[in-house]
$ cat final17.csv   # CSV, C-alpha atoms
chain,number,residue,atom,x,y,z
A,1,MET,CA,-19.3,19.8,16.4
A,2,ILE,CA,-17.9,20.3,13.0
A,3,TYR,CA,-14.8,18.1,12.8
A,4,LEU,CA,-12.0,19.5,10.6
A,5,ASP,CA,-9.0,17.5,12.0
A,6,HIS,CA,-9.2,14.4,9.8
A,7,ASN,CA,-5.4,14.4,9.3
A,8,ALA,CA,-5.0,13.7,13.0
A,9,THR,CA,-7.6,10.9,13.1
A,10,THR,CA,-10.9,10.1,11.5
A,11,PRO,CA,-14.2,8.9,13.1
A,12,PRO,CA,-14.6,5.2,12.7
A,13,ALA,CA,-17.1,4.2,10.1
A,14,PRO,CA,-20.3,2.5,11.4
A,15,ALA,CA,-19.6,-0.6,9.3
A,16,VAL,CA,-16.1,-0.8,10.9
A,17,VAL,CA,-17.5,-0.8,14.4
A,18,ALA,CA,-20.2,-3.3,13.5
A,19,ALA,CA,-17.6,-5.7,12.1
A,20,MET,CA,-15.4,-5.4,15.1
A,21,LEU,CA,-18.0,-5.9,17.8
A,22,PRO,CA,-18.5,-9.7,17.4
A,23,VAL,CA,-14.7,-10.3,17.6
A,24,LEU,CA,-14.4,-8.1,20.7
A,25,SER,CA,-17.5,-9.5,22.5
A,26,GLY,CA,-16.8,-13.2,21.8
A,27,LEU,CA,-20.3,-13.7,20.5
A,28,SER,CA,-19.0,-15.0,17.2
A,29,SER,CA,-17.8,-18.5,18.2
A,30,GLY,CA,-14.0,-18.6,18.1
A,31,LEU,CA,-13.0,-15.2,16.7
A,32,TRP,CA,-12.0,-14.0,20.1
A,33,ALA,CA,-9.4,-16.8,20.4
A,34,ASN,CA,-5.6,-16.6,19.8
A,35,ALA,CA,-4.9,-17.3,16.1
A,36,SER,CA,-1.7,-19.1,17.1
A,37,SER,CA,-3.6,-21.8,19.1
A,38,GLN,CA,-4.2,-25.2,17.6
A,39,HIS,CA,-7.7,-25.9,19.0
A,40,GLY,CA,-10.9,-25.2,17.1
A,41,PRO,CA,-11.5,-21.6,18.2
A,42,GLY,CA,-7.9,-20.7,17.6
A,43,GLN,CA,-8.0,-22.2,14.1
A,44,GLU,CA,-11.2,-20.3,13.4
A,45,ALA,CA,-9.4,-17.1,14.4
A,46,ARG,CA,-6.5,-18.1,12.2
A,47,ARG,CA,-8.8,-18.5,9.2
A,48,ALA,CA,-10.3,-15.1,9.8
A,49,LEU,CA,-6.9,-13.6,10.1
A,50,GLY,CA,-6.0,-15.1,6.7
A,51,ALA,CA,-9.2,-13.8,5.2
A,52,MET,CA,-8.5,-10.3,6.4
A,53,ARG,CA,-4.9,-10.4,5.2
A,54,THR,CA,-6.2,-11.4,1.7
A,55,THR,CA,-8.7,-8.5,1.8
A,56,VAL,CA,-6.0,-5.9,2.8
A,57,ALA,CA,-3.7,-7.2,0.1
A,58,ARG,CA,-6.4,-7.1,-2.6
A,59,VAL,CA,-7.4,-3.5,-1.8
A,60,LEU,CA,-3.7,-2.3,-1.5
A,61,GLY,CA,-2.5,-4.1,-4.6
A,62,CYS,CA,0.0,-6.4,-3.0
A,63,LYS,CA,0.4,-10.1,-2.1
A,64,PRO,CA,-1.0,-11.4,1.2
A,65,ALA,CA,2.5,-12.6,2.2
A,66,GLU,CA,3.7,-9.0,1.9
A,67,VAL,CA,1.3,-7.7,4.6
A,68,VAL,CA,2.7,-7.4,8.1
A,69,PHE,CA,0.1,-6.3,10.7
A,70,THR,CA,1.4,-3.8,13.3
A,71,SER,CA,0.0,-1.6,16.1
A,72,GLY,CA,-0.1,1.4,13.7
A,73,ALA,CA,2.0,3.4,11.4
A,74,THR,CA,4.6,4.5,14.0
A,75,GLU,CA,5.5,0.9,14.7
A,76,ALA,CA,5.5,0.1,11.0
A,77,ASN,CA,7.8,3.0,10.3
A,78,HIS,CA,10.3,1.9,13.0
A,79,LEU,CA,10.0,-1.7,12.0
A,80,ALA,CA,10.7,-0.8,8.4
A,81,VAL,CA,13.7,1.5,9.0
A,82,ARG,CA,15.4,-0.6,11.6
A,83,GLY,CA,14.6,-3.8,9.8
A,84,LEU,CA,16.0,-2.6,6.5
A,85,LEU,CA,19.0,-1.0,8.1
A,86,ASP,CA,20.0,-4.1,10.1
A,87,ALA,CA,19.7,-6.2,7.0
A,88,ALA,CA,21.9,-4.0,4.9
A,89,PRO,CA,25.5,-4.9,4.1
A,90,PRO,CA,28.0,-3.5,6.6
A,91,GLU,CA,29.3,-1.0,4.1
A,92,ARG,CA,25.9,0.6,3.9
A,93,ARG,CA,25.3,2.5,7.2
A,94,ARG,CA,23.8,5.8,6.0
A,95,VAL,CA,20.1,6.5,6.1
A,96,VAL,CA,18.3,9.3,4.1
A,97,PHE,CA,15.1,10.9,5.4
A,98,SER,CA,13.2,13.9,4.1
A,99,SER,CA,13.4,17.0,6.3
A,100,VAL,CA,9.6,17.2,6.7
A,101,GLU,CA,8.8,13.7,7.9
A,102,HIS,CA,6.3,13.3,10.8
A,103,ALA,CA,7.8,14.5,14.1
A,104,GLY,CA,7.8,11.0,15.5
A,105,HIS,CA,9.7,9.7,12.5
A,106,LEU,CA,12.3,12.4,12.9
A,107,ARG,CA,12.8,11.3,16.5
A,108,LEU,CA,13.7,7.9,15.1
A,109,ALA,CA,16.2,9.6,12.8
A,110,ARG,CA,17.8,11.3,15.8
A,111,ALA,CA,17.9,8.1,17.7
A,112,LEU,CA,19.7,6.4,14.8
A,113,SER,CA,22.2,9.3,14.6
A,114,ASP,CA,22.8,9.1,18.4
A,115,GLY,CA,23.5,5.4,17.9
A,116,GLY,CA,26.3,6.1,15.3
A,117,VAL,CA,24.3,5.9,12.1
A,118,GLN,CA,24.9,8.7,9.6
A,119,VAL,CA,21.6,10.3,8.8
A,120,ASP,CA,21.1,12.8,6.0
A,121,PHE,CA,18.0,14.9,5.2
A,122,ILE,CA,16.5,15.8,1.8
A,123,PRO,CA,15.5,19.5,1.9
A,124,VAL,CA,12.3,21.0,0.7
A,125,GLN,CA,11.7,24.1,-1.3
A,126,SER,CA,9.8,27.1,-0.2
A,127,ASP,CA,6.5,25.7,-1.4
A,128,GLY,CA,7.0,22.5,0.5
A,129,THR,CA,7.9,20.3,-2.4
A,130,LEU,CA,10.8,18.0,-2.1
A,131,ASP,CA,14.1,19.0,-3.7
A,132,VAL,CA,14.6,16.1,-6.0
A,133,SER,CA,18.0,17.2,-7.3
A,134,ALA,CA,19.2,17.4,-3.7
A,135,ALA,CA,17.8,13.9,-3.1
A,136,GLY,CA,19.9,12.6,-6.0
A,137,ALA,CA,23.0,14.2,-4.6
A,138,LEU,CA,22.5,12.3,-1.4
A,139,MET,CA,22.4,8.9,-3.0
A,140,GLY,CA,25.5,6.7,-3.0
A,141,PRO,CA,26.9,3.2,-2.4
A,142,ASP,CA,26.9,3.7,1.4
A,143,VAL,CA,23.1,4.3,1.6
A,144,ALA,CA,21.2,1.6,3.5
A,145,LEU,CA,17.8,2.9,2.8
A,146,VAL,CA,15.7,6.0,2.0
A,147,SER,CA,12.6,6.9,4.0
A,148,LEU,CA,10.1,9.3,2.6
A,149,MET,CA,6.4,10.2,3.4
A,150,ALA,CA,4.0,10.0,0.5
A,151,ALA,CA,2.1,13.2,1.6
A,152,ASN,CA,2.9,15.7,4.3
A,153,ASN,CA,0.6,15.6,7.3
A,154,GLU,CA,0.7,19.4,7.7
A,155,THR,CA,0.8,21.0,4.2
A,156,GLY,CA,-0.7,18.0,2.4
A,157,VAL,CA,2.0,18.3,-0.3
A,158,LEU,CA,2.4,15.1,-2.3
A,159,MET,CA,6.0,13.8,-2.4
A,160,PRO,CA,7.6,12.4,-5.6
A,161,VAL,CA,7.7,8.8,-4.5
A,162,THR,CA,8.4,7.2,-7.9
A,163,GLU,CA,11.2,9.6,-8.7
A,164,VAL,CA,12.9,9.0,-5.3
A,165,ALA,CA,12.4,5.3,-5.7
A,166,ALA,CA,14.3,5.4,-9.0
A,167,LEU,CA,17.1,7.4,-7.4
A,168,ALA,CA,17.3,5.0,-4.4
A,169,HIS,CA,17.2,1.9,-6.5
A,170,ALA,CA,19.9,3.2,-8.8
A,171,ALA,CA,22.1,3.6,-5.7
A,172,GLY,CA,21.2,0.0,-4.7
A,173,ALA,CA,19.1,1.1,-1.7
A,174,PRO,CA,15.5,0.2,-0.8
A,175,LEU,CA,12.8,2.9,-0.3
A,176,HIS,CA,10.4,3.0,2.6
A,177,VAL,CA,7.4,5.2,2.3
A,178,ASP,CA,5.2,6.4,5.1
A,179,ALA,CA,1.8,6.5,3.4
A,180,THR,CA,-0.2,7.2,6.5
A,181,GLN,CA,-1.8,10.4,5.1
A,182,PHE,CA,-1.9,9.2,1.5
A,183,ILE,CA,-3.8,5.8,1.5
A,184,GLY,CA,-7.5,6.4,1.5
A,185,LYS,CA,-7.2,9.9,0.0
A,186,GLN,CA,-5.4,9.1,-3.3
A,187,PRO,CA,-5.4,6.0,-5.4
A,188,PHE,CA,-2.7,3.6,-4.3
A,189,ALA,CA,-1.3,0.2,-5.4
A,190,PHE,CA,1.8,-1.3,-3.7
A,191,SER,CA,2.7,-3.2,-6.8
A,192,THR,CA,3.2,0.0,-8.9
A,193,CYS,CA,4.2,2.7,-6.3
A,194,GLY,CA,7.9,1.9,-6.5
A,195,ALA,CA,8.5,1.5,-2.8
A,196,ASP,CA,9.9,-1.5,-1.1
A,197,ALA,CA,8.1,-1.0,2.2
A,198,VAL,CA,5.0,1.1,2.9
A,199,SER,CA,3.5,2.0,6.3
A,200,LEU,CA,-0.2,2.7,7.0
A,201,SER,CA,-2.5,3.2,9.9
A,202,ALA,CA,-6.2,2.3,10.2
A,203,HIS,CA,-7.4,5.3,12.1
A,204,LYS,CA,-6.5,7.7,9.3
A,205,LEU,CA,-9.1,6.1,7.0
A,206,GLN,CA,-12.1,5.5,9.3
A,207,GLY,CA,-10.7,2.4,11.0
A,208,PRO,CA,-9.8,1.8,14.6
A,209,LYS,CA,-6.8,3.2,16.5
A,210,GLY,CA,-4.0,0.8,17.5
A,211,VAL,CA,-3.7,-1.2,14.3
A,212,GLY,CA,-1.9,-0.7,11.0
A,213,ALA,CA,0.4,-2.5,8.6
A,214,LEU,CA,3.7,-2.6,6.9
A,215,LEU,CA,3.7,-3.7,3.3
A,216,LEU,CA,7.1,-5.4,2.7
A,217,ARG,CA,8.0,-6.4,-0.8
A,218,GLN,CA,9.0,-10.0,-1.1
A,219,GLY,CA,12.7,-10.6,-1.6
A,220,VAL,CA,13.8,-7.4,0.1
A,221,PRO,CA,16.3,-8.2,2.9
A,222,PHE,CA,14.7,-7.5,6.3
A,223,ALA,CA,15.7,-8.2,9.9
A,224,PRO,CA,12.8,-8.7,12.4
A,225,GLN,CA,12.8,-6.3,15.3
A,226,THR,CA,10.2,-8.0,17.5
A,227,LEU,CA,10.9,-11.7,17.7
A,228,GLY,CA,8.2,-14.2,17.5
A,229,SER,CA,6.5,-16.7,15.2
A,230,GLN,CA,3.6,-14.4,14.2
A,231,GLU,CA,3.5,-12.5,10.8
A,232,ARG,CA,5.9,-15.0,9.2
A,233,GLY,CA,8.5,-14.2,11.9
A,234,ARG,CA,8.7,-10.6,10.9
A,235,ARG,CA,6.7,-9.1,13.8
A,236,GLY,CA,6.2,-11.1,17.0
A,237,GLY,CA,3.2,-10.7,19.2
A,238,THR,CA,-0.4,-11.9,19.2
A,239,GLU,CA,-2.3,-10.3,16.3
A,240,ASN,CA,-5.0,-7.8,17.2
A,241,LEU,CA,-7.7,-9.6,15.2
A,242,ALA,CA,-10.5,-7.2,16.1
A,243,GLY,CA,-8.4,-4.2,15.0
A,244,ILE,CA,-7.3,-6.1,11.8
A,245,VAL,CA,-11.0,-6.8,11.0
A,246,GLY,CA,-11.6,-3.0,11.4
A,247,LEU,CA,-8.7,-2.2,9.1
A,248,ALA,CA,-9.8,-4.6,6.4
A,249,VAL,CA,-13.4,-3.3,6.5
A,250,ALA,CA,-12.2,0.4,6.4
A,251,LEU,CA,-10.1,-0.4,3.4
A,252,GLU,CA,-13.0,-2.1,1.6
A,253,LEU,CA,-15.0,1.1,2.0
A,254,LEU,CA,-12.4,2.9,-0.1
A,255,ASP,CA,-14.0,2.0,-3.5
A,256,ASP,CA,-14.5,5.6,-4.5
A,257,VAL,CA,-11.2,7.2,-3.7
A,258,SER,CA,-11.0,9.3,-6.9
A,259,ALA,CA,-14.5,10.6,-6.6
A,260,GLU,CA,-14.1,11.4,-3.0
A,261,ALA,CA,-10.8,13.2,-3.6
A,262,ALA,CA,-12.6,15.3,-6.2
A,263,ARG,CA,-15.4,16.1,-3.8
A,264,LEU,CA,-13.0,17.1,-1.0
A,265,ALA,CA,-10.8,19.2,-3.4
A,266,GLY,CA,-13.9,21.1,-4.3
A,267,LEU,CA,-14.9,21.8,-0.7
A,268,ARG,CA,-11.3,22.7,0.2
A,269,ASP,CA,-11.0,25.2,-2.7
A,270,ALA,CA,-14.4,26.7,-1.9
A,271,LEU,CA,-13.3,27.1,1.7
A,272,GLU,CA,-10.0,28.7,0.8
A,273,CYS,CA,-11.5,31.0,-1.8
A,274,GLY,CA,-14.3,32.1,0.4
A,275,LEU,CA,-12.0,32.9,3.3
A,276,ALA,CA,-9.6,34.7,1.1
A,277,ARG,CA,-12.4,37.0,-0.2
A,278,ALA,CA,-13.6,37.8,3.3
A,279,LEU,CA,-10.1,38.0,4.9
A,280,PRO,CA,-7.5,39.2,2.3
A,281,THR,CA,-4.6,38.8,4.6
A,282,MET,CA,-5.2,35.1,4.8
A,283,HIS,CA,-2.3,33.0,3.4
A,284,VAL,CA,-2.4,29.3,2.3
A,285,TRP,CA,0.8,27.4,2.2
A,286,SER,CA,1.6,25.1,-0.7
A,287,ARG,CA,-1.6,26.2,-2.5
A,288,GLY,CA,-0.2,26.0,-6.0
A,289,VAL,CA,1.4,22.5,-5.8
A,290,PRO,CA,-0.1,19.0,-5.8
A,291,ARG,CA,-1.4,18.3,-2.3
A,292,LEU,CA,-4.0,16.2,-0.5
A,293,PRO,CA,-7.5,17.2,-1.5
A,294,GLY,CA,-8.8,17.8,2.0
A,295,THR,CA,-5.8,19.6,3.6
A,296,SER,CA,-5.7,23.4,4.0
A,297,TYR,CA,-2.7,24.9,5.9
A,298,LEU,CA,-3.1,28.6,6.4
A,299,ARG,CA,-2.6,31.6,8.6
A,300,PHE,CA,-4.7,34.7,9.1
A,301,GLY,CA,-2.3,37.6,9.1
A,302,GLN,CA,0.0,36.8,12.0
A,303,LEU,CA,-2.8,36.0,14.5
A,304,PRO,CA,-1.4,33.4,16.8
A,305,ALA,CA,-2.8,30.0,16.1
A,306,GLU,CA,-4.3,29.6,19.6
A,307,VAL,CA,-6.3,32.8,19.0
A,308,VAL,CA,-7.8,31.4,15.8
A,309,LEU,CA,-8.4,28.0,17.3
A,310,HIS,CA,-10.2,29.6,20.3
A,311,ARG,CA,-12.6,31.4,17.8
A,312,LEU,CA,-13.1,28.1,15.9
A,313,ASP,CA,-13.9,26.3,19.2
A,314,ARG,CA,-16.5,29.0,20.0
A,315,LEU,CA,-18.1,28.1,16.6
A,316,GLY,CA,-18.0,24.4,17.4
A,317,VAL,CA,-15.3,23.7,14.9
A,318,ALA,CA,-12.4,21.3,15.8
A,319,ALA,CA,-9.1,22.1,14.0
A,320,SER,CA,-5.4,22.0,14.9
A,321,SER,CA,-2.3,24.3,14.8
A,322,GLY,CA,1.0,23.8,13.2
A,323,ALA,CA,2.9,24.4,16.4
A,324,ALA,CA,4.5,21.8,18.6
A,325,CYS,CA,4.0,22.0,22.3
A,326,SER,CA,7.1,22.2,24.5
A,327,SER,CA,7.8,22.9,28.2
A,328,GLY,CA,8.3,26.5,27.5
A,329,GLY,CA,5.3,27.0,25.3
A,330,SER,CA,5.0,26.5,21.5
A,331,GLU,CA,7.6,26.0,18.9
A,332,PRO,CA,7.2,26.6,15.2
A,333,SER,CA,6.3,23.7,13.0
A,334,HIS,CA,9.4,21.9,11.8
A,335,VAL,CA,7.8,21.6,8.4
A,336,LEU,CA,7.3,25.3,8.0
A,337,THR,CA,10.8,26.0,9.4
A,338,ALA,CA,12.2,23.6,6.7
A,339,MET,CA,10.3,25.7,4.1
A,340,GLY,CA,12.0,28.9,5.3
A,341,VAL,CA,8.9,30.4,7.0
A,342,PRO,CA,9.7,33.0,9.7
A,343,ALA,CA,8.8,31.9,13.2
A,344,ALA,CA,6.1,34.5,13.7
A,345,GLU,CA,4.2,33.3,10.6
A,346,ALA,CA,4.8,29.7,11.5
A,347,LEU,CA,3.2,30.2,14.9
A,348,ALA,CA,0.1,31.4,13.2
A,349,ALA,CA,-0.4,28.2,11.3
A,350,VAL,CA,-3.8,26.5,11.4
A,351,ARG,CA,-4.6,23.3,9.7
A,352,LEU,CA,-8.1,22.5,8.5
A,353,SER,CA,-8.3,18.9,7.3
A,354,LEU,CA,-11.5,17.7,5.7
A,355,GLY,CA,-12.7,14.1,5.4
A,356,ARG,CA,-15.4,11.8,4.3
A,357,THR,CA,-17.9,13.2,6.9
A,358,THR,CA,-17.3,16.8,5.9
A,359,THR,CA,-20.3,18.4,4.1
A,360,ALA,CA,-20.8,21.5,1.9
A,361,GLU,CA,-23.2,22.8,4.6
A,362,GLU,CA,-20.3,22.7,7.2
A,363,VAL,CA,-18.0,24.6,4.9
A,364,ALA,CA,-20.8,27.2,4.2
A,365,TYR,CA,-21.3,27.6,8.0
A,366,LEU,CA,-17.6,28.2,8.5
A,367,LEU,CA,-17.5,30.8,5.7
A,368,HIS,CA,-20.5,32.6,7.2
A,369,THR,CA,-19.3,32.6,10.8
A,370,LEU,CA,-15.5,32.7,11.0
A,371,PRO,CA,-14.7,36.0,9.1
A,372,PRO,CA,-16.8,38.2,11.4
A,373,LEU,CA,-14.9,36.9,14.4
A,374,LEU,CA,-11.5,37.3,12.9
A,375,GLU,CA,-11.9,40.6,10.9
A,376,PRO,CA,-11.8,42.9,14.0
A,377,LEU,CA,-8.6,41.1,15.2
A,378,LEU,CA,-6.9,41.4,11.8
A,379,ARG,CA,-7.9,45.1,11.6
A,380,GLU,CA,-6.4,45.7,15.0
A,381,GLU,CA,-3.3,43.8,14.0
A,382,MET,CA,-2.8,46.0,10.9
A,383,LEU,CA,-3.2,49.2,13.0
A,384,THR,CA,-0.7,48.2,15.6
A,385,ALA,CA,1.9,46.8,13.2
A,386,PRO,CA,5.2,48.7,13.2
$ encode --input "final17.csv" --output "structure tokens"
Amino acid sequence: MIYLDHNATTPPAPAVVAAMLPVLSGLSSGLWANASSQHGPGQEARRALGAMRTTVARVLGCKPAEVVFTSGATEANHLAVRGLLDAAPPERRRVVFSSVEHAGHLRLARALSDGGVQVDFIPVQSDGTLDVSAAGALMGPDVALVSLMAANNETGVLMPVTEVAALAHAAGAPLHVDATQFIGKQPFAFSTCGADAVSLSAHKLQGPKGVGALLLRQGVPFAPQTLGSQERGRRGGTENLAGIVGLAVALELLDDVSAEAARLAGLRDALECGLARALPTMHVWSRGVPRLPGTSYLRFGQLPAEVVLHRLDRLGVAASSGAACSSGGSEPSHVLTAMGVPAAEALAAVRLSLGRTTTAEEVAYLLHTLPPLLEPLLREEMLTAP
């Protein structure tokens, strides 16, 4: 199987699995114990938790005290938005999101709106880039916080985090950034990114599922949402030490981010150029703007995504579509809709996302085998087009 769905999740690195096994099995003295317990095994687990926190902080460029371990980026996103909103002064009850946030994050936006919070959305332009001037127009003294992804999970477009941070801070509001797709694929340091809170998830960077973190800048007003003594009172619940070990090890493996980004960009460009030569009606969204090095969001004419994915599956290639499943079938991607893409084209969207395990040989195989499968379908589509 050739796996080209790394934006959805990544295979755990062998070193991550090896580091987690002793904690899960209990073979390593007290590491299986509860880090809140006062006995010897509990204190050993507590020391290990502190060591992992220090590692995560070192790699991500923050202070250990700014790391809040969570069950993943979704929880971290909710924790950040609700925690910052509840801590805001009563005259600040407006929240600003981008219109192309992850679908789960937009559900939070709808829930806030249903609860009486005013929610505004920053639009994007036709190439998927954020409309910074529109963002500036949405800022004001009633804004409690701004929430923005660092990189879009579908198009791969990089968002102007530092510019939006400046706009938010000028309005007296903190900025939360969902860096789920960004960390591990681009250089990152919390100390210089401009955000006040940053979410991440381990399984996007060859770590385990079910663990992530919220980086919360010291001094930023924050109201805990899950009460308990753990994580300095900011997130209650027994820490997932095995998962946290996996997250820390996965982050330590990211010592060549720039070199890996350059390698993936080369493979992505070779893939897009090769497919374009063989299949001229292929279109790549956001091709000319800064985007993640391993993300290619494309369509082949207007062939439905499920048709293309079926052909890819026959070739042993795992990829994903840009459509969202619903009870009545498929709906166009909200990201492409926000970009003004017609529904018929959006329903043709296929995402190929490359990762650390992707090889040049796999790209060459795809270029050799996919065009012959799609070319007859595209020719038929052209002949039957009105």
$ residues_near_point --input "final17.csv" --point "(-4.2, -18.5, 20.9)" --cutoff "12 Å" --atoms "only C-alpha atoms" --output "ChimeraX atom specification"
/A:30-46,230,237-241
$ closest_residue --input "final17.csv" --among "A:Thr359, A:Gly243, A:Gly294, A:Ser321" --to "A:Val307" --atoms "all atoms listed in the file"
A:Ser321
$ atom_distance --input "final17.csv" --atom1 "atom CA of A:His334" --atom2 "atom CA of A:Ala166"
27.0 Å
$ closest_residue --input "final17.csv" --among "A:Pro11, A:Gly246, A:Gly115, A:Gly72" --to "A:Met52" --atoms "only C-alpha atoms"
A:Gly246
$ residues_around --input "final17.csv" --residues "A:Leu60" --least-positions-apart "3" --cutoff "9 Å" --atoms "only C-alpha atoms" --output "NGL selection string"
:A and (55-57 or 63 or 183 or 188-191 or 215 or 251)
$ build_atoms --input "final17.csv" --residues "stretch 105-131 of chain A" --atoms "N, CA and C atoms" --output "tab-separated table (two decimals), in the frame of the given file"
chain	number	residue	atom	x	y	z
A	105	HIS	N	8.72	10.33	13.36
A	105	HIS	CA	9.70	9.70	12.50
A	105	HIS	C	11.04	10.35	12.58
A	106	LEU	N	11.04	11.66	12.74
A	106	LEU	CA	12.30	12.40	12.90
A	106	LEU	C	12.96	12.07	14.23
A	107	ARG	N	12.17	11.72	15.23
A	107	ARG	CA	12.80	11.30	16.50
A	107	ARG	C	13.52	9.96	16.29
A	108	LEU	N	12.98	9.10	15.43
A	108	LEU	CA	13.70	7.90	15.10
A	108	LEU	C	15.03	8.23	14.40
A	109	ALA	N	14.98	9.20	13.49
A	109	ALA	CA	16.20	9.60	12.80
A	109	ALA	C	17.26	10.10	13.81
A	110	ARG	N	16.82	10.87	14.80
A	110	ARG	CA	17.80	11.30	15.80
A	110	ARG	C	18.32	10.18	16.64
A	111	ALA	N	17.46	9.21	16.95
A	111	ALA	CA	17.90	8.10	17.70
A	111	ALA	C	18.96	7.26	16.94
A	112	LEU	N	18.75	7.12	15.64
A	112	LEU	CA	19.70	6.40	14.80
A	112	LEU	C	21.05	7.18	14.80
A	113	SER	N	20.96	8.50	14.67
A	113	SER	CA	22.20	9.30	14.60
A	113	SER	C	22.92	9.20	15.97
A	114	ASP	N	22.18	9.22	17.08
A	114	ASP	CA	22.80	9.10	18.40
A	114	ASP	C	23.47	7.73	18.55
A	115	GLY	N	22.97	6.73	17.80
A	115	GLY	CA	23.50	5.40	17.90
A	115	GLY	C	24.69	5.18	16.89
A	116	GLY	N	25.12	6.21	16.21
A	116	GLY	CA	26.30	6.10	15.30
A	116	GLY	C	25.96	5.94	13.86
A	117	VAL	N	24.67	5.97	13.48
A	117	VAL	CA	24.30	5.90	12.10
A	117	VAL	C	24.33	7.25	11.44
A	118	GLN	N	24.92	7.37	10.28
A	118	GLN	CA	24.90	8.70	9.60
A	118	GLN	C	23.52	8.88	8.98
A	119	VAL	N	22.91	9.99	9.29
A	119	VAL	CA	21.60	10.30	8.80
A	119	VAL	C	21.65	11.63	8.02
A	120	ASP	N	21.17	11.62	6.79
A	120	ASP	CA	21.10	12.80	6.00
A	120	ASP	C	19.65	13.15	5.67
A	121	PHE	N	19.38	14.43	5.43
A	121	PHE	CA	18.00	14.90	5.20
A	121	PHE	C	17.88	15.57	3.86
A	122	ILE	N	16.85	15.19	3.12
A	122	ILE	CA	16.50	15.80	1.80
A	122	ILE	C	15.78	17.11	2.13
A	123	PRO	N	16.25	18.26	1.67
A	123	PRO	CA	15.50	19.50	1.90
A	123	PRO	C	14.28	19.65	1.09
A	124	VAL	N	13.44	20.60	1.48
A	124	VAL	CA	12.30	21.00	0.70
A	124	VAL	C	12.44	22.39	0.21
A	125	GLN	N	11.67	22.74	-0.80
A	125	GLN	CA	11.70	24.10	-1.30
A	125	GLN	C	10.66	24.95	-0.58
A	126	SER	N	10.61	26.21	-0.91
A	126	SER	CA	9.80	27.10	-0.20
A	126	SER	C	8.27	26.81	-0.26
A	127	ASP	N	7.87	26.07	-1.29
A	127	ASP	CA	6.50	25.70	-1.40
A	127	ASP	C	6.17	24.34	-0.80
A	128	GLY	N	7.17	23.75	-0.15
A	128	GLY	CA	7.00	22.50	0.50
A	128	GLY	C	7.26	21.25	-0.29
A	129	THR	N	7.57	21.43	-1.57
A	129	THR	CA	7.90	20.30	-2.40
A	129	THR	C	9.32	19.81	-2.18
A	130	LEU	N	9.53	18.52	-2.38
A	130	LEU	CA	10.80	18.00	-2.10
A	130	LEU	C	11.85	18.41	-3.20
A	131	ASP	N	13.07	18.67	-2.79
A	131	ASP	CA	14.10	19.00	-3.70
A	131	ASP	C	14.71	17.75	-4.29
